[in-house]
Amino acid sequence: MLIGEVARRSGVSTRMLRHYDSLGLVRPTGRTVGGYREYSEEDIRRIFHVEGLRSLGLSLRQIGRALEDPAFTPSTLVGDLIRRTEERLKRERELLQRLRAIDASAPSGWQDVLRTVELLHGLGSPFAARRQQAVLAEDLPVPAELLASAVLTEPDANVAGALRWALARTGDGVASLASGLRSEDAGIRRRAVLALAELPGDEATAALADALDDPDPGVRRQAALASARRGAPTAVPTLVEMIIEGANDVEAAEVLGTLASDPAVADRIITALTGALAETADSAARIRVTQALLELPKAAARELLAQLAHDNDQSVARVASALLGVLDER
């Protein structure tokens, strides 16, 4: 088969086939009387082998070695190709993120583009102070999507706070933060909840409600506190759990008190606390529940406190009796 026909059937240009020949990578078995290259079926098969290895990112030199040296093992080379490909994909993703950030800023001219690039460089700095400075530079346009992405990966508490503040000012970015709730990294999910808590609107409230079922206790607790502050009674079980476990129990009791301003929710809270008391014998946990009752409206809390004043655990009974006195003085 002549070179032109091989090029048509293989999709490899005649120029590349001649290049393969000059390198000794694929040499045609024969020549016609007129001196034209003539490829056998084995030659064509080798062309496809070369193209297949090229598609994996191997150089022509590496391909030649792989095809000629039977002792050449692919594992090391393939592992190196995987690492280089991952690095290239990382760079490409970073570039795509930058381009999307620039597009989201709706630049009116190249000066706006350069200002956004300056912001991106600042946020990518290894120094926390420089990242914080970039966020707080008010003369730079800050797209919500870019801020949300930075919030999810920011390890420094001060910079993260500045990012959440800047994001809250935009009033946007819920979709990007909600995607962070699906991350396998619990730290990213916690950052997403903290940022969502500072954003207004039903969309942010719904995202926080989804986080109440998170497998990580820290994520659940932050979502419960934020949801309760928005008046969501679905946070009650997690808040009660926090009081039992002594995790931000004072804060949990305070937001339960806020929710209890609705009589229907107050009944639900009393039921949950009563159930928690029945399920634990731990004295410290029962005392925390007893103390939490003081945050609830008098009408909701008094009956349960009266019962606890006669509790078998004398420590619980003394605390409940003292709180009954406080409650009656209100």
# chains A, B, ... in the order shown; residues from 1 in each chain; ligands from 1
>>> residues_around(residues="Leu181 in chain A", least_positions_apart="3", cutoff="8 Å", atoms="only C-alpha atoms", output="ChimeraX atom specification")
/A:177-178,188-190,192-193,211
>>> write_last_selection(atoms="N, CA and C atoms", output="mmCIF file, in the first residue's frame")
data_model
loop_
_atom_site.group_PDB
_atom_site.id
_atom_site.type_symbol
_atom_site.label_atom_id
_atom_site.label_comp_id
_atom_site.auth_asym_id
_atom_site.auth_seq_id
_atom_site.Cartn_x
_atom_site.Cartn_y
_atom_site.Cartn_z
ATOM 1 N N LEU A 177 -21.305 27.628 47.034
ATOM 2 C CA LEU A 177 -21.131 27.124 48.399
ATOM 3 C C LEU A 177 -21.857 25.796 48.590
ATOM 4 N N ALA A 178 -23.045 25.678 47.996
ATOM 5 C CA ALA A 178 -23.807 24.427 48.114
ATOM 6 C C ALA A 178 -23.039 23.271 47.492
ATOM 7 N N ILE A 188 -14.003 21.395 54.125
ATOM 8 C CA ILE A 188 -14.631 22.216 53.080
ATOM 9 C C ILE A 188 -16.117 22.367 53.373
ATOM 10 N N ARG A 189 -16.749 21.294 53.818
ATOM 11 C CA ARG A 189 -18.188 21.358 54.119
ATOM 12 C C ARG A 189 -18.444 22.308 55.297
ATOM 13 N N ARG A 190 -17.563 22.310 56.293
ATOM 14 C CA ARG A 190 -17.727 23.231 57.426
ATOM 15 C C ARG A 190 -17.607 24.680 56.957
ATOM 16 N N ALA A 192 -18.237 25.806 54.038
ATOM 17 C CA ALA A 192 -19.428 26.128 53.243
ATOM 18 C C ALA A 192 -20.594 26.515 54.145
ATOM 19 N N VAL A 193 -20.785 25.787 55.242
ATOM 20 C CA VAL A 193 -21.883 26.081 56.170
ATOM 21 C C VAL A 193 -21.687 27.452 56.817
ATOM 22 N N ALA A 211 -27.575 20.332 55.115
ATOM 23 C CA ALA A 211 -26.368 20.015 55.889
ATOM 24 C C ALA A 211 -26.684 19.436 57.268
#
>>> residues_around(residues="range 293-304 of chain A", least_positions_apart="3", cutoff="10 Å", atoms="only C-alpha atoms", output="PyMOL selection string")
chain A and resi 250+253-263+266-267+269-271+273-274+288-290+307-309+320+323-324+326-328+330
>>> closest_atom_pairs(of="range 47-113 of chain A", to="range 19-32 of chain A", cutoff="8 Å", atoms="only C-alpha atoms", output="tab-separated table")
residue	atom	partner	partner_atom	distance
A:Ile47	CA	A:Val26	CA	6.5
A:Leu60	CA	A:Leu25	CA	8.0
A:Gly64	CA	A:Leu25	CA	5.9
>>> write_last_selection(atoms="C-alpha atoms", output="PDB file, in the first residue's frame")
ATOM      1  CA  ILE A  47       1.610   2.812  12.649  1.00  0.00           C
ATOM      2  CA  LEU A  60       8.396   9.492  19.806  1.00  0.00           C
ATOM      3  CA  GLY A  64      10.556   3.751  19.810  1.00  0.00           C
TER       4      GLY A  64
END
>>> residues_around(residues="Ala101 in chain A", least_positions_apart="5", cutoff="7 Å", atoms="only C-alpha atoms", output="ChimeraX atom specification")
/A:143,145-146
>>> write_last_selection(atoms="N, CA and C atoms", output="PDB file, in the first residue's frame")
ATOM      1  N   PRO A 143     -16.009  38.997  42.054  1.00  0.00           N
ATOM      2  CA  PRO A 143     -17.128  38.136  41.675  1.00  0.00           C
ATOM      3  C   PRO A 143     -17.483  37.165  42.802  1.00  0.00           C
ATOM      4  N   GLU A 145     -18.681  34.157  42.692  1.00  0.00           N
ATOM      5  CA  GLU A 145     -18.218  32.783  42.456  1.00  0.00           C
ATOM      6  C   GLU A 145     -16.758  32.621  42.886  1.00  0.00           C
ATOM      7  N   LEU A 146     -15.950  33.637  42.608  1.00  0.00           N
ATOM      8  CA  LEU A 146     -14.541  33.593  43.001  1.00  0.00           C
ATOM      9  C   LEU A 146     -14.406  33.603  44.517  1.00  0.00           C
TER      10      LEU A 146
END
>>> closest_residue(among="A:Leu239, A:Pro107, A:Gln133, A:Val12", to="Gly52 in chain A", atoms="only C-alpha atoms")
A:Val12
>>> residues_around(residues="Arg130 in chain A", least_positions_apart="5", cutoff="12 Å", atoms="only C-alpha atoms", output="PyMOL selection string")
chain A and resi 118-125+135-137+156+158-159+162
>>> write_last_selection(atoms="all heavy atoms", output="JSON list (two decimals), in the first residue's frame")
[["chain", "number", "residue", "atom", "x", "y", "z"],
["A", 118, "GLU", "N", -5.13, 40.77, 39.16],
["A", 118, "GLU", "CA", -4.41, 41.19, 40.37],
["A", 118, "GLU", "C", -5.05, 40.57, 41.61],
["A", 118, "GLU", "O", -4.36, 40.10, 42.53],
["A", 118, "GLU", "CB", -4.41, 42.71, 40.46],
["A", 118, "GLU", "CG", -3.65, 43.25, 41.68],
["A", 118, "GLU", "CD", -3.74, 44.76, 41.79],
["A", 118, "GLU", "OE1", -4.12, 45.41, 40.80],
["A", 118, "GLU", "OE2", -3.43, 45.28, 42.87],
["A", 119, "LEU", "N", -6.37, 40.58, 41.65],
["A", 119, "LEU", "CA", -7.08, 39.98, 42.78],
["A", 119, "LEU", "C", -6.79, 38.48, 42.86],
["A", 119, "LEU", "O", -6.53, 37.94, 43.94],
["A", 119, "LEU", "CB", -8.59, 40.21, 42.63],
["A", 119, "LEU", "CG", -9.50, 39.44, 43.60],
["A", 119, "LEU", "CD1", -9.25, 39.90, 45.03],
["A", 119, "LEU", "CD2", -10.95, 39.64, 43.22],
["A", 120, "LEU", "N", -6.82, 37.80, 41.72],
["A", 120, "LEU", "CA", -6.56, 36.36, 41.70],
["A", 120, "LEU", "C", -5.16, 36.04, 42.21],
["A", 120, "LEU", "O", -4.96, 35.08, 42.95],
["A", 120, "LEU", "CB", -6.75, 35.83, 40.28],
["A", 120, "LEU", "CG", -8.19, 35.78, 39.77],
["A", 120, "LEU", "CD1", -8.22, 35.59, 38.26],
["A", 120, "LEU", "CD2", -8.96, 34.67, 40.46],
["A", 121, "HIS", "N", -4.19, 36.86, 41.79],
["A", 121, "HIS", "CA", -2.82, 36.65, 42.27],
["A", 121, "HIS", "C", -2.76, 36.86, 43.78],
["A", 121, "HIS", "O", -2.07, 36.11, 44.49],
["A", 121, "HIS", "CB", -1.86, 37.61, 41.56],
["A", 121, "HIS", "CG", -1.45, 37.16, 40.20],
["A", 121, "HIS", "ND1", -0.84, 35.95, 39.96],
["A", 121, "HIS", "CD2", -1.58, 37.76, 38.98],
["A", 121, "HIS", "CE1", -0.60, 35.81, 38.66],
["A", 121, "HIS", "NE2", -1.05, 36.90, 38.05],
["A", 122, "GLY", "N", -3.47, 37.86, 44.27],
["A", 122, "GLY", "CA", -3.48, 38.12, 45.71],
["A", 122, "GLY", "C", -4.07, 36.96, 46.49],
["A", 122, "GLY", "O", -3.53, 36.53, 47.51],
["A", 123, "LEU", "N", -5.18, 36.42, 46.00],
["A", 123, "LEU", "CA", -5.84, 35.30, 46.69],
["A", 123, "LEU", "C", -5.00, 34.03, 46.61],
["A", 123, "LEU", "O", -5.16, 33.14, 47.45],
["A", 123, "LEU", "CB", -7.22, 35.06, 46.07],
["A", 123, "LEU", "CG", -8.27, 36.14, 46.35],
["A", 123, "LEU", "CD1", -9.56, 35.81, 45.60],
["A", 123, "LEU", "CD2", -8.54, 36.26, 47.83],
["A", 124, "GLY", "N", -4.13, 33.96, 45.61],
["A", 124, "GLY", "CA", -3.28, 32.78, 45.48],
["A", 124, "GLY", "C", -1.97, 32.89, 46.23],
["A", 124, "GLY", "O", -1.14, 31.98, 46.16],
["A", 125, "SER", "N", -1.77, 33.97, 46.95],
["A", 125, "SER", "CA", -0.52, 34.18, 47.68],
["A", 125, "SER", "C", -0.36, 33.15, 48.81],
["A", 125, "SER", "O", -1.34, 32.77, 49.46],
["A", 125, "SER", "CB", -0.50, 35.59, 48.28],
["A", 125, "SER", "OG", 0.61, 35.73, 49.16],
["A", 135, "VAL", "N", -8.60, 40.64, 49.53],
["A", 135, "VAL", "CA", -10.06, 40.59, 49.73],
["A", 135, "VAL", "C", -10.60, 41.96, 50.11],
["A", 135, "VAL", "O", -11.66, 42.38, 49.64],
["A", 135, "VAL", "CB", -10.43, 39.58, 50.84],
["A", 135, "VAL", "CG1", -11.93, 39.59, 51.08],
["A", 135, "VAL", "CG2", -9.98, 38.18, 50.45],
["A", 136, "LEU", "N", -9.87, 42.66, 50.96],
["A", 136, "LEU", "CA", -10.36, 43.92, 51.52],
["A", 136, "LEU", "C", -10.08, 45.13, 50.64],
["A", 136, "LEU", "O", -10.47, 46.25, 50.98],
["A", 136, "LEU", "CB", -9.75, 44.15, 52.91],
["A", 136, "LEU", "CG", -10.08, 43.07, 53.95],
["A", 136, "LEU", "CD1", -9.36, 43.35, 55.25],
["A", 136, "LEU", "CD2", -11.59, 42.96, 54.17],
["A", 137, "ALA", "N", -9.42, 44.90, 49.50],
["A", 137, "ALA", "CA", -9.15, 46.01, 48.58],
["A", 137, "ALA", "C", -10.45, 46.39, 47.86],
["A", 137, "ALA", "O", -10.88, 45.72, 46.93],
["A", 137, "ALA", "CB", -8.08, 45.60, 47.56],
["A", 156, "ASP", "N", -6.87, 29.89, 56.77],
["A", 156, "ASP", "CA", -6.64, 30.89, 57.81],
["A", 156, "ASP", "C", -7.98, 31.49, 58.26],
["A", 156, "ASP", "O", -8.78, 31.96, 57.44],
["A", 156, "ASP", "CB", -5.73, 32.00, 57.27],
["A", 156, "ASP", "CG", -5.38, 33.01, 58.34],
["A", 156, "ASP", "OD1", -4.37, 32.81, 59.04],
["A", 156, "ASP", "OD2", -6.12, 34.01, 58.47],
["A", 158, "ASN", "N", -8.73, 34.28, 59.89],
["A", 158, "ASN", "CA", -8.92, 35.71, 59.64],
["A", 158, "ASN", "C", -9.24, 35.98, 58.17],
["A", 158, "ASN", "O", -10.13, 36.79, 57.86],
["A", 158, "ASN", "CB", -7.68, 36.49, 60.06],
["A", 158, "ASN", "CG", -7.46, 36.49, 61.56],
["A", 158, "ASN", "OD1", -8.43, 36.47, 62.32],
["A", 158, "ASN", "ND2", -6.22, 36.49, 61.99],
["A", 159, "VAL", "N", -8.52, 35.31, 57.29],
["A", 159, "VAL", "CA", -8.77, 35.49, 55.86],
["A", 159, "VAL", "C", -10.16, 34.94, 55.51],
["A", 159, "VAL", "O", -10.90, 35.55, 54.74],
["A", 159, "VAL", "CB", -7.69, 34.80, 55.01],
["A", 159, "VAL", "CG1", -7.97, 35.01, 53.52],
["A", 159, "VAL", "CG2", -6.31, 35.33, 55.36],
["A", 162, "ALA", "N", -12.76, 37.41, 56.40],
["A", 162, "ALA", "CA", -12.82, 38.51, 55.43],
["A", 162, "ALA", "C", -13.51, 38.07, 54.15],
["A", 162, "ALA", "O", -14.30, 38.82, 53.55],
["A", 162, "ALA", "CB", -11.40, 39.00, 55.12]]
>>> decode(residues="range 149-164 of chain A", atoms="N, CA and C atoms", output="short mmCIF file (atom, residue, chain, number, x, y, z; two decimals), in the first residue's frame")
data_model
loop_
_atom_site.label_atom_id
_atom_site.label_comp_id
_atom_site.auth_asym_id
_atom_site.auth_seq_id
_atom_site.Cartn_x
_atom_site.Cartn_y
_atom_site.Cartn_z
N SER A 149 -15.46 30.22 45.98
CA SER A 149 -14.42 29.21 45.76
C SER A 149 -13.27 29.41 46.74
N ALA A 150 -12.88 30.67 46.98
CA ALA A 150 -11.79 30.95 47.91
C ALA A 150 -12.18 30.61 49.35
N VAL A 151 -13.43 30.88 49.73
CA VAL A 151 -13.92 30.56 51.07
C VAL A 151 -13.76 29.07 51.37
N LEU A 152 -14.08 28.25 50.40
CA LEU A 152 -14.09 26.80 50.61
C LEU A 152 -12.70 26.22 50.84
N THR A 153 -11.66 26.92 50.40
CA THR A 153 -10.31 26.37 50.51
C THR A 153 -9.41 27.16 51.45
N GLU A 154 -9.93 28.24 52.04
CA GLU A 154 -9.09 29.12 52.87
C GLU A 154 -8.85 28.52 54.27
N PRO A 155 -7.60 28.22 54.64
CA PRO A 155 -7.33 27.62 55.96
C PRO A 155 -7.20 28.63 57.08
N ASP A 156 -6.87 29.89 56.77
CA ASP A 156 -6.64 30.89 57.81
C ASP A 156 -7.98 31.49 58.26
N ALA A 157 -8.21 31.50 59.57
CA ALA A 157 -9.49 31.96 60.11
C ALA A 157 -9.76 33.43 59.80
N ASN A 158 -8.73 34.28 59.89
CA ASN A 158 -8.92 35.71 59.64
C ASN A 158 -9.24 35.98 58.17
N VAL A 159 -8.52 35.31 57.29
CA VAL A 159 -8.77 35.49 55.86
C VAL A 159 -10.16 34.94 55.51
N ALA A 160 -10.50 33.79 56.10
CA ALA A 160 -11.82 33.20 55.83
C ALA A 160 -12.92 34.14 56.27
N GLY A 161 -12.73 34.80 57.42
CA GLY A 161 -13.73 35.76 57.89
C GLY A 161 -13.88 36.93 56.93
N ALA A 162 -12.76 37.41 56.40
CA ALA A 162 -12.82 38.51 55.43
C ALA A 162 -13.51 38.07 54.15
N LEU A 163 -13.24 36.85 53.73
CA LEU A 163 -13.88 36.32 52.52
C LEU A 163 -15.39 36.19 52.72
N ARG A 164 -15.80 35.69 53.89
CA ARG A 164 -17.24 35.55 54.15
C ARG A 164 -17.92 36.93 54.19
#
